[in-house]
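Worksheet: the structure to be examined is printed underneath.
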Amino acid sequence: MEDKSKKSLYNFTGFSKLNYLERLNKLKTNFVLSEEDVNFFKNGGIQTPDLGEKFVENLLGYFQIPMGVATNFCIDGQDYLIPMAVEETSIIAAASKTAKWVRENGEIKTEIIGTDIIGQIQFSKVKNFTEFEAAVLQQKDYLIGLANKEVAFGLVARGGGVTNLTVRELIRDDGLSMAVVHIYMNPCDAMGANIINQVCEFLKDPMQEFTGETVTMCILSNLVDSKLTKATVTINNIEKDLAYKIEEASRFAELDSYRAATNNKGVLNGIDPILIATGNDWRAVEAGVHAYAARAGKYSSITKWRVVGNKLVGELTAPLVVGTVGGVTTLHPAAKISLKMMQIKSAEHLSRIIASVGLVQNLGALKALTTVGIIEGHMKLHVKNLSLGAGATEKEMPFVVKKLEEILAITKRISLSNAVEVVKDFRKKTEIK
Ligand code: MEV
């Protein structure tokens with residue numbers, strides 16, 4: 001019998017030229033989507049309030065954002081179609097186009113550095129930090145064992161659980177010592193927010209008892225520098241001039257926080273849509289990425305591109321802690337379809353894909369910015385939006401789009417007022433006839 005899971009996702013050339021139903025059908029015939037999945041999308045997604053009621057209070061309905069698929073990705077030697085939920089016009093097109101460039105001229109490799117997420121227990125004022133630290137560390141093995149036995153036993157059974165505990169001193173502005181205990185835990189395939197918070201709250205009482213000090217609060221940290229995902233993109237035999245331009249663009253973002261913010265936004269253009277499509281907490285990942293980008297005391301780029309011989313090599317290292325079980329990931333039909341589409345085997349697997357797409361998205365942006373500029377690609381795709389925004393009807397669309405493309409080619413710029421003018425013009429001409 002044919003192993004559907006091994007079926008290559010290629011060739012998807014020309015996918016973007018297909019119409020909506022053809023695209024769904026192509027995914028079905030390639031075993032990416034089932035009949036049921038196709039119907040889910042064709043019927044407009046979730047139809048009843050039941051799911052929403054499970055998640056939020058005072059539910060009104062759902063806010064729908066477009067969900068598409070980026071093609072051409074080959075990560076660690078495996079082909080992928082990447083589901084992306086995002087409204088920004090050029091993101092999926094740019095990701096697919098840049099992934100094609102990488103596929104044809106190089107490779108994407110990933111690795112995971114570390115396994116543990118972090119929980120924090122704050123003691124806002126301790127009388128003597130040295131004594132406090134000694135008391136906690138003396139009980140370290142006992143506290144870890146207790147947390148694993150009473151709270152994280154499910155994770156322990158799956159090969160995870162609490163692994164370590166450290167103590168940090170923070171000097172307050174009144175000169176007193178604040179103590180923070182970090183709890184390290186391997187959450188396996190969960191994002192782990194709930195369980196690490198439970199562990200920290202559970203450890204509050206025994207710790208207060210051992211130290212005679214008072215806990216102020218317990219919560220996870222989104223700066224998970226103990227579980228990082230790294231993606232590396234290599235482009236072989238790249239044109240020297242282009243490679244150096246991309247390196248210079250990278251150096252700009254490494255040195256300047258103003259540029260770094262925009263560079264990293266471009267990286268997150270690739271990351272957030274997958275987080276949303278898979279039902280992951282994108283606010284948590286965003287917070288972690290930005291905090292990690294500022295870890296040296298100054299906000300900087302989370303990507304780095306260098307010319308190495310005749311190659312261009314780019315790296316992205318960031319805390320990209322995601323889950324593939326629990327919450328929206330398990331309950332939302334679109335999230336389930338997204339995980340299935342990528343044949344995700346574990347949370348780390350998903351994280352590797354997310355890092356890769358973020359880095360490729362960054363490469364696409366830097367390539368465009370250092371060559372033709374960003375307007376051309378953005379605007380080409382934006383023409384339809386502008387036409388709709390100007391009130392063009394279905395019949396008027398082809399004319400309006402064509403006219404706006406002509407204006408764009410000449411002026412390199414286009415706006416809603418251009419579109420309004422073109423629509424007016426078209427209507428005047430057809431009225432005269
Ligand atoms: C736009 O959404 C993203 C870019 O600004 C990213 C960048 O400047 O690197 C194009």
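Residue numbering restarts at 1 in every chain; chains get A, B, ... in the order shown in the structure tokens, and ligands count up from 1 in that same order.
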Contact table chain A vs ligand 1, cut-off 8 Å, shortest pair per residue, only C-alpha atoms and all ligand atoms, as a tab-separated table:
```
residue	atom	partner	partner_atom_place_in_ligand_line	distance
A:Glu88	CA	ligand 1	2 (O)	7.4
A:Ile91	CA	ligand 1	2 (O)	7.5
A:Arg259	CA	ligand 1	8 (O)	7.5
A:Thr262	CA	ligand 1	8 (O)	4.9
A:Asn263	CA	ligand 1	9 (O)	3.8
A:Asn264	CA	ligand 1	9 (O)	6.9
A:Lys265	CA	ligand 1	6 (C)	5.9
A:Gly266	CA	ligand 1	6 (C)	3.6
A:Val267	CA	ligand 1	6 (C)	7.1
A:Asn269	CA	ligand 1	2 (O)	6.4
A:Asn362	CA	ligand 1	9 (O)	6.0
A:Ala365	CA	ligand 1	9 (O)	5.0
A:Leu366	CA	ligand 1	9 (O)	5.7
A:Leu369	CA	ligand 1	10 (C)	7.1
A:Ile374	CA	ligand 1	10 (C)	6.2
```
Next item on the list: Give me every strand (DSSP E or B) residue in stretch 140-265 of chain A, going by DSSP on the backbone, as number ranges by chain.
Entry: A: 161-171, 177-186, 217-221, 228-235
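Non-sequential neighbours of A:Lys26 (distance at most 12 Å, separation of 3 or more positions within a chain, only C-alpha atoms) are Leu9, Tyr10, Asn11, Phe12, Thr13, Gly14, Phe15, Ser16, Lys17, Leu18, Asn19, Tyr20, Leu21, Glu22, Arg23, Thr29, Asn30, Phe31, Val32, Leu33, Ser34, Glu35 and Val38 of chain A.
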Note to self: Considering only helix (DSSP H, G or I) as DSSP defines it on the backbone, what residues of stretch 204-315 of chain A qualify? List them as a VMD selection string.
What the structure shows: chain A and resid 204 to 211 240 to 255 257 to 277 282 to 293
Checklist line | A:Thr110 environment, 8 Å, only C-alpha atoms, sequence neighbours closer than 2 positions dropped, as a list in words | finding: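 Here the answer would be Ile75, Asp76, Ile108, Ile112, Thr229, Lys230, Ala231, Thr232, Arg352, Ala355 and Ser356 of chain A.
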Kindly export the residues of the current selection with N, CA and C atoms, as a PDB file, in the first residue's frame.
```pdb
ATOM      1  N   ILE A  75      12.691  21.553   4.690  1.00  0.00           N
ATOM      2  CA  ILE A  75      13.364  21.803   5.978  1.00  0.00           C
ATOM      3  C   ILE A  75      13.956  20.496   6.484  1.00  0.00           C
ATOM      4  N   ASP A  76      15.231  20.507   6.774  1.00  0.00           N
ATOM      5  CA  ASP A  76      15.930  19.284   7.209  1.00  0.00           C
ATOM      6  C   ASP A  76      15.659  18.125   6.235  1.00  0.00           C
ATOM      7  N   ILE A 108      17.869  24.337   4.358  1.00  0.00           N
ATOM      8  CA  ILE A 108      17.473  24.838   5.681  1.00  0.00           C
ATOM      9  C   ILE A 108      17.731  23.717   6.681  1.00  0.00           C
ATOM     10  N   ILE A 112      17.503  22.038  18.091  1.00  0.00           N
ATOM     11  CA  ILE A 112      16.883  22.502  19.340  1.00  0.00           C
ATOM     12  C   ILE A 112      17.990  22.557  20.392  1.00  0.00           C
ATOM     13  N   THR A 229      15.322  27.456  19.730  1.00  0.00           N
ATOM     14  CA  THR A 229      15.279  26.779  18.430  1.00  0.00           C
ATOM     15  C   THR A 229      16.160  27.567  17.473  1.00  0.00           C
ATOM     16  N   LYS A 230      16.960  26.832  16.731  1.00  0.00           N
ATOM     17  CA  LYS A 230      17.869  27.497  15.796  1.00  0.00           C
ATOM     18  C   LYS A 230      17.596  27.004  14.376  1.00  0.00           C
ATOM     19  N   ALA A 231      17.503  27.940  13.451  1.00  0.00           N
ATOM     20  CA  ALA A 231      17.400  27.579  12.029  1.00  0.00           C
ATOM     21  C   ALA A 231      18.584  28.192  11.309  1.00  0.00           C
ATOM     22  N   THR A 232      19.130  27.467  10.361  1.00  0.00           N
ATOM     23  CA  THR A 232      20.231  27.987   9.539  1.00  0.00           C
ATOM     24  C   THR A 232      19.838  27.821   8.074  1.00  0.00           C
ATOM     25  N   ARG A 352      10.809  23.882  15.034  1.00  0.00           N
ATOM     26  CA  ARG A 352      11.850  23.908  13.990  1.00  0.00           C
ATOM     27  C   ARG A 352      11.287  24.525  12.702  1.00  0.00           C
ATOM     28  N   ALA A 355      10.811  28.349  13.173  1.00  0.00           N
ATOM     29  CA  ALA A 355      12.090  29.079  13.085  1.00  0.00           C
ATOM     30  C   ALA A 355      12.520  29.203  11.622  1.00  0.00           C
ATOM     31  N   SER A 356      12.352  28.128  10.868  1.00  0.00           N
ATOM     32  CA  SER A 356      12.776  28.124   9.461  1.00  0.00           C
ATOM     33  C   SER A 356      11.981  29.146   8.657  1.00  0.00           C
TER      34      SER A 356
END
```
Next item on the list: Write out as a PyMOL selection string which residues come within 12 Å of A:Arg295 when counting only C-alpha atoms, dropping same-chain ones fewer than 6 positions away.
Entry: chain A and resi 223-225+288-289+301-302+318-319
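If only C-alpha atoms are the atoms counted, then among A:Val360, A:Ala409, A:Ile196, A:Ala94 the closest residue to A:Glu376 is A:Ala409.
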